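One file, my_file.cif, carrying mmCIF, C-alpha atoms:
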data_target
loop_
_atom_site.group_PDB
_atom_site.id
_atom_site.type_symbol
_atom_site.label_atom_id
_atom_site.label_comp_id
_atom_site.auth_asym_id
_atom_site.auth_seq_id
_atom_site.Cartn_x
_atom_site.Cartn_y
_atom_site.Cartn_z
ATOM 1 C CA MET A 163 127.653 111.446 104.272
ATOM 2 C CA TRP A 164 125.312 109.300 102.147
ATOM 3 C CA ASN A 165 128.252 107.822 100.227
ATOM 4 C CA GLU A 166 127.406 109.405 96.855
ATOM 5 C CA ARG A 167 123.804 108.196 96.861
ATOM 6 C CA ALA A 168 121.235 110.326 95.099
ATOM 7 C CA ILE A 169 118.916 111.251 97.945
ATOM 8 C CA GLU A 170 116.331 113.855 98.774
ATOM 9 C CA ILE A 171 116.234 115.236 102.308
ATOM 10 C CA TRP A 172 113.132 116.523 104.036
ATOM 11 C CA GLY A 173 113.217 118.194 107.423
ATOM 12 C CA MET A 174 110.622 119.525 109.792
ATOM 13 C CA ASN A 175 110.210 121.794 112.768
ATOM 14 C CA TYR A 176 107.865 120.482 115.428
ATOM 15 C CA PRO A 177 104.924 122.783 116.173
ATOM 16 C CA GLY A 178 106.162 125.680 118.285
ATOM 17 C CA PHE A 179 109.852 124.997 117.539
ATOM 18 C CA GLY A 180 112.103 126.641 114.986
ATOM 19 C CA GLY A 181 110.072 128.874 112.697
ATOM 20 C CA SER A 182 106.774 127.035 113.176
ATOM 21 C CA THR A 183 103.748 128.506 114.897
ATOM 22 C CA GLY A 184 101.747 127.374 117.885
ATOM 23 C CA PRO A 185 102.688 126.346 121.379
ATOM 24 C CA ALA A 186 105.603 123.939 121.868
ATOM 25 C CA ARG A 187 104.115 120.826 123.469
ATOM 26 C CA LEU A 188 105.477 117.279 123.627
ATOM 27 C CA LYS A 189 102.040 115.883 122.802
ATOM 28 C CA ARG A 190 102.121 117.677 119.432
ATOM 29 C CA ILE A 191 105.426 116.170 118.259
ATOM 30 C CA ALA A 192 104.334 112.633 117.301
ATOM 31 C CA PRO A 193 101.219 113.631 115.309
ATOM 32 C CA ALA A 194 103.178 116.327 113.461
ATOM 33 C CA ALA A 195 105.976 113.889 112.625
ATOM 34 C CA LEU A 196 103.480 111.324 111.352
ATOM 35 C CA ALA A 197 101.777 113.975 109.183
ATOM 36 C CA ALA A 198 105.167 115.003 107.748
ATOM 37 C CA PHE A 199 106.003 111.362 107.011
ATOM 38 C CA ASP A 200 102.643 110.860 105.275
ATOM 39 C CA ALA A 201 103.244 113.954 103.128
ATOM 40 C CA LEU A 202 106.684 112.634 102.215
ATOM 41 C CA ARG A 203 105.237 109.196 101.408
ATOM 42 C CA SER A 204 102.746 110.769 98.984
ATOM 43 C CA GLU A 205 105.651 112.451 97.165
ATOM 44 C CA ALA A 206 108.090 109.530 97.330
ATOM 45 C CA ALA A 207 105.629 106.953 95.954
ATOM 46 C CA GLU A 208 107.373 103.568 96.287
ATOM 47 C CA SER A 209 110.891 104.870 96.957
ATOM 48 C CA PRO A 210 112.303 103.727 100.293
ATOM 49 C CA ILE A 211 112.211 106.262 103.098
ATOM 50 C CA VAL A 212 115.020 106.194 105.614
ATOM 51 C CA ILE A 213 114.441 108.337 108.674
ATOM 52 C CA PHE A 214 117.514 110.141 109.998
ATOM 53 C CA ALA A 215 116.965 111.697 113.398
ATOM 54 C CA ALA A 216 119.089 113.032 116.214
ATOM 55 C CA SER A 217 118.471 113.409 119.930
ATOM 56 C CA ILE A 218 114.836 114.265 120.736
ATOM 57 C CA GLY A 219 114.017 113.749 117.048
ATOM 58 C CA THR A 220 114.657 110.030 117.452
ATOM 59 C CA THR A 221 111.591 109.723 119.690
ATOM 60 C CA PRO A 222 109.043 110.539 116.951
ATOM 61 C CA ALA A 223 111.205 108.658 114.419
ATOM 62 C CA LEU A 224 110.752 105.470 116.423
ATOM 63 C CA TYR A 225 107.044 106.204 116.778
ATOM 64 C CA ILE A 226 106.680 106.644 112.998
ATOM 65 C CA ALA A 227 108.398 103.289 112.485
ATOM 66 C CA THR A 228 105.770 101.642 114.707
ATOM 67 C CA GLN A 229 102.984 103.157 112.610
ATOM 68 C CA ARG A 230 104.297 103.136 109.026
ATOM 69 C CA PRO A 231 106.640 100.976 106.946
ATOM 70 C CA VAL A 232 110.064 102.594 106.708
ATOM 71 C CA GLY A 233 113.134 101.533 104.742
ATOM 72 C CA GLY A 234 115.302 102.001 107.807
ATOM 73 C CA LEU A 235 116.410 104.425 110.466
ATOM 74 C CA VAL A 236 119.585 106.256 111.392
ATOM 75 C CA LEU A 237 119.305 107.290 115.035
ATOM 76 C CA HIS A 238 121.902 109.629 116.535
ATOM 77 C CA ASN A 239 122.030 109.843 120.361
ATOM 78 C CA PRO A 240 118.530 108.475 121.050
ATOM 79 C CA PRO A 241 117.209 109.445 124.497
ATOM 80 C CA ALA A 242 115.115 107.246 126.748
ATOM 81 C CA LEU A 243 113.156 110.262 128.029
ATOM 82 C CA ARG A 244 111.284 108.689 130.942
ATOM 83 C CA GLN A 245 114.376 106.936 132.209
ATOM 84 C CA ILE A 246 116.501 110.090 131.950
ATOM 85 C CA ILE A 247 113.957 112.048 133.964
ATOM 86 C CA LEU A 248 113.584 109.360 136.606
ATOM 87 C CA TYR A 249 117.128 108.094 137.018
ATOM 88 C CA GLN A 250 119.242 111.106 136.173
ATOM 89 C CA HIS A 251 117.077 113.782 137.763
ATOM 90 C CA GLY A 252 114.834 111.968 140.245
ATOM 91 C CA TRP A 253 117.323 111.555 143.071
ATOM 92 C CA TRP A 254 117.683 115.256 143.877
ATOM 93 C CA ASN A 255 113.928 115.746 144.336
ATOM 94 C CA LEU A 256 113.287 112.329 145.900
ATOM 95 C CA TRP A 257 111.295 111.464 142.771
ATOM 96 C CA LEU A 258 108.453 113.726 143.958
ATOM 97 C CA LEU A 259 108.852 115.931 140.887
ATOM 98 C CA ALA A 260 110.527 113.496 138.498
ATOM 99 C CA GLY A 261 107.839 110.806 138.825
ATOM 100 C CA PRO A 262 104.909 112.991 137.746
ATOM 101 C CA VAL A 263 106.980 114.657 135.009
ATOM 102 C CA ALA A 264 108.082 111.288 133.599
ATOM 103 C CA ALA A 265 104.481 110.083 133.658
ATOM 104 C CA GLN A 266 103.520 113.026 131.417
ATOM 105 C CA ILE A 267 105.781 111.944 128.551
ATOM 106 C CA PRO A 268 103.359 110.950 125.778
ATOM 107 C CA ARG A 269 103.427 107.190 125.183
ATOM 108 C CA GLU A 270 104.156 107.899 121.512
ATOM 109 C CA LEU A 271 107.527 109.306 122.603
ATOM 110 C CA ASP A 272 108.518 106.341 124.769
ATOM 111 C CA SER A 273 111.614 105.282 122.838
ATOM 112 C CA VAL A 274 112.258 102.111 124.817
ATOM 113 C CA SER A 275 108.702 100.852 124.330
ATOM 114 C CA ASN A 276 108.623 101.847 120.657
ATOM 115 C CA ALA A 277 112.032 100.302 119.974
ATOM 116 C CA LYS A 278 110.651 96.936 121.065
ATOM 117 C CA SER A 279 108.094 97.114 118.227
ATOM 118 C CA VAL A 280 110.298 98.307 115.362
ATOM 119 C CA HIS A 281 111.697 95.701 112.982
ATOM 120 C CA ALA A 282 113.144 97.938 110.249
ATOM 121 C CA PRO A 283 116.946 97.913 110.055
ATOM 122 C CA ALA A 284 118.640 100.720 111.968
ATOM 123 C CA VAL A 285 122.005 102.377 112.377
ATOM 124 C CA PHE A 286 122.706 103.834 115.807
ATOM 125 C CA LEU A 287 125.257 106.617 116.175
ATOM 126 C CA LEU A 288 126.215 106.876 119.838
ATOM 127 C CA ALA A 289 128.297 109.752 121.193
ATOM 128 C CA GLU A 290 130.653 108.333 123.806
ATOM 129 C CA GLN A 291 130.953 111.566 125.817
ATOM 130 C CA ASP A 292 127.375 112.790 125.398
ATOM 131 C CA GLU A 293 126.690 115.269 128.170
ATOM 132 C CA ILE A 294 122.975 115.637 127.347
ATOM 133 C CA VAL A 295 121.881 112.040 126.693
ATOM 134 C CA ALA A 296 124.212 109.906 128.775
ATOM 135 C CA PRO A 297 125.404 106.808 126.883
ATOM 136 C CA ARG A 298 123.668 104.481 129.358
ATOM 137 C CA PHE A 299 120.306 105.985 128.361
ATOM 138 C CA GLN A 300 121.110 105.703 124.656
ATOM 139 C CA GLN A 301 122.004 102.058 125.267
ATOM 140 C CA LEU A 302 118.554 101.386 126.752
ATOM 141 C CA VAL A 303 117.031 102.249 123.366
ATOM 142 C CA VAL A 304 119.617 100.196 121.469
ATOM 143 C CA ASN A 305 119.090 97.174 123.707
ATOM 144 C CA ALA A 306 115.316 97.336 123.303
ATOM 145 C CA TYR A 307 115.455 97.649 119.509
ATOM 146 C CA ALA A 308 113.783 94.623 117.872
ATOM 147 C CA GLY A 309 115.126 95.018 114.348
ATOM 148 C CA GLU A 310 118.552 94.351 112.919
ATOM 149 C CA LYS A 311 120.975 97.073 113.889
ATOM 150 C CA ARG A 312 124.452 98.375 113.389
ATOM 151 C CA ILE A 313 126.078 100.447 116.096
ATOM 152 C CA ILE A 314 128.671 103.116 115.479
ATOM 153 C CA HIS A 315 130.397 104.427 118.573
ATOM 154 C CA LEU A 316 131.486 108.035 118.184
ATOM 155 C CA ARG A 317 134.582 107.843 120.346
ATOM 156 C CA GLY A 318 135.252 110.989 122.338
ATOM 157 C CA ALA A 319 132.242 112.727 120.752
ATOM 158 C CA HIS A 320 129.858 114.979 122.635
ATOM 159 C CA HIS A 321 126.149 115.401 121.967
ATOM 160 C CA ASN A 322 126.395 117.998 119.183
ATOM 161 C CA ASP A 323 129.753 117.056 117.668
ATOM 162 C CA PRO A 324 129.692 116.575 113.901
ATOM 163 C CA ILE A 325 130.113 113.129 112.393
ATOM 164 C CA GLU A 326 133.607 113.274 110.936
ATOM 165 C CA GLY A 327 136.988 111.622 110.753
ATOM 166 C CA THR A 328 137.488 107.888 110.577
ATOM 167 C CA VAL A 329 133.916 107.182 111.690
ATOM 168 C CA VAL A 330 132.631 108.398 108.312
ATOM 169 C CA ALA A 331 133.937 105.192 106.682
ATOM 170 C CA ASP A 332 132.034 103.167 109.309
ATOM 171 C CA LEU A 333 128.918 105.167 108.527
ATOM 172 C CA HIS A 334 129.319 104.492 104.798
ATOM 173 C CA LYS A 335 129.549 100.747 105.475
ATOM 174 C CA ALA A 336 126.458 100.927 107.661
ATOM 175 C CA LEU A 337 124.564 102.859 104.984
ATOM 176 C CA ASP A 338 125.592 100.253 102.389
ATOM 177 C CA TRP A 339 124.055 97.637 104.679
ATOM 178 C CA LEU A 340 120.954 99.740 105.418
ATOM 179 C CA LEU A 341 120.197 100.794 101.874
ATOM 180 C CA PRO A 342 121.969 98.634 99.293
ATOM 181 C CA ARG A 343 122.601 100.498 96.062
ATOM 182 C CA GLU A 344 120.408 98.142 94.009
ATOM 183 C CA GLN A 345 117.401 99.390 96.027
ATOM 184 C CA GLN A 346 118.003 103.001 95.040
ATOM 185 C CA HIS A 347 115.639 104.713 92.636
#
For the file at hand, write its structure as structure tokens.
Amino acid sequence: MWNERAIEIWGMNYPGFGGSTGPARLKRIAPAALAAFDALRSEAAESPIVIFAASIGTTPALYIATQRPVGGLVLHNPPALRQIILYQHGWWNLWLLAGPVAAQIPRELDSVSNAKSVHAPAVFLLAEQDEIVAPRFQQLVVNAYAGEKRIIHLRGAHHNDPIEGTVVADLHKALDWLLPREQQH
């Protein structure tokens, strides 16, 4: 996927998710992601860090990019959480439930607001048939993004479909743009 680049990949479970301990709370995601990034930065020294995140993981990725210098981002199916809650789910409860729930989304996880402040280059991978994060909500994040961007439409893809087929060549071109080989360490 990284077009024969020598890379190191770090991953994390948010507190309370996966094998990690503690209660699963949205308010714990952004601080945990920032702490993981800082730990990675101490190991990576001056090497560029590109954040690759999918779905809900794109929300803290955008937050990190507002707080720390990043080499770039690859964002796969980024949700606009507040807007999804309000516009996709608000109608059936006359916004009596959706409004208060949307208001509880931590500001650090407001992808649309954060996207307006991020200037690092980004590659957006957008699943055309996403049944979890409707494309119109992904597009809100893309449209708000302040930095240079490349968009790869995953035609016919659903939320969890693998990145494969002819789109891989498009991804390689986007990665060449995002992280030119002469910048590699």
query = If you count all atoms listed in the file, which residues fall within 6 Å of stretch 291-304 of chain A, apart from same-chain ones fewer than 3 positions away, as a ChimeraX atom specification?
reply = /A:240-242,274,307,318-321
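Here atom CA of A:Gly309 is placed at a distance of 20.4 Å from atom CA of A:Ser209.
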Please produce, as a Markdown table, a per-residue contact table for stretch 213-304 of chain A versus stretch 174-188 of chain A (criterion: any atom at most 9 Å away, all atoms listed in the file considered), showing the nearest atom pair and its distance in Å to one decimal, sorted by chain then residue number.
| residue | atom | partner | partner_atom | distance |
| --- | --- | --- | --- | --- |
| A:Ile267 | CA | A:Leu188 | CA | 7.3 |
| A:Pro268 | CA | A:Leu188 | CA | 7.0 |
| A:Leu271 | CA | A:Leu188 | CA | 8.3 |
message = Given the point (124.6, 96.5, 116.5) in the coordinates of this file, which residues lie within 9 Å, counting all atoms listed in the file, and how would they look as a PyMOL selection string?
response = chain A and resi 284-286+304+310-314
Dump C-alpha atoms for the selected residues as a PDB file, keeping the file's coordinate frame?
ATOM      1  CA  ALA A 284     118.640 100.720 111.968  1.00  0.00           C
ATOM      2  CA  VAL A 285     122.005 102.377 112.377  1.00  0.00           C
ATOM      3  CA  PHE A 286     122.706 103.834 115.807  1.00  0.00           C
ATOM      4  CA  VAL A 304     119.617 100.196 121.469  1.00  0.00           C
ATOM      5  CA  GLU A 310     118.552  94.351 112.919  1.00  0.00           C
ATOM      6  CA  LYS A 311     120.975  97.073 113.889  1.00  0.00           C
ATOM      7  CA  ARG A 312     124.452  98.375 113.389  1.00  0.00           C
ATOM      8  CA  ILE A 313     126.078 100.447 116.096  1.00  0.00           C
ATOM      9  CA  ILE A 314     128.671 103.116 115.479  1.00  0.00           C
TER      10      ILE A 314
END
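Proximity of A:Thr228, A:Pro283, A:Leu341, A:Ala277 to A:Ile169, computed with all atoms listed in the file, is greatest for A:Leu341.
Residues matched by the PyMOL selection byres ((chain A and resi 229) around 10) in this structure: Leu196, Leu224, Tyr225, Ile226, Ala227, Thr228, Arg230, Pro231, Val232, Asn276, Ser279 and Val280 of chain A.
Nearest-residue note for A:Leu316: choosing from A:Ala197, A:Leu288, A:Ile218, A:Leu235, the minimum distance belongs to A:Leu288, counting only C-alpha atoms.
When only C-alpha atoms are used to compute distances to A:Ala215, the closest of the residues A:Lys189, A:Arg244, A:Ala194, A:Trp172 turns out to be A:Trp172.
Distances here use only C-alpha atoms; by that measure, the residue among A:Leu248, A:Ala223, A:Ile213, A:Ala207 closest to A:Pro193 is A:Ala223.
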key: Result set, the PyMOL selection byres ((chain A and resi 208) around 12) on current file, as a PyMOL selection string   = chain A and resi 202-207+209-211+231-233+345-347
remark   = Counting all atoms listed in the file, closest pick from A:Glu290, A:Glu170, A:Asp272, A:Asp338 relative to A:Asn322 is A:Glu290
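Between atom CA of A:Ile171 and atom CA of A:Phe214 the separation is 9.3 Å.
Atom pair atom CA of A:Gly219 / atom CA of A:Val236 has a distance of 10.9 Å (rounded to one decimal).
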query = Given the choices A:Gly234, A:Thr220, A:Ala168, A:Asp323, which gets closest to A:Leu337 if the distance is worked out from only C-alpha atoms?
reply = A:Gly234
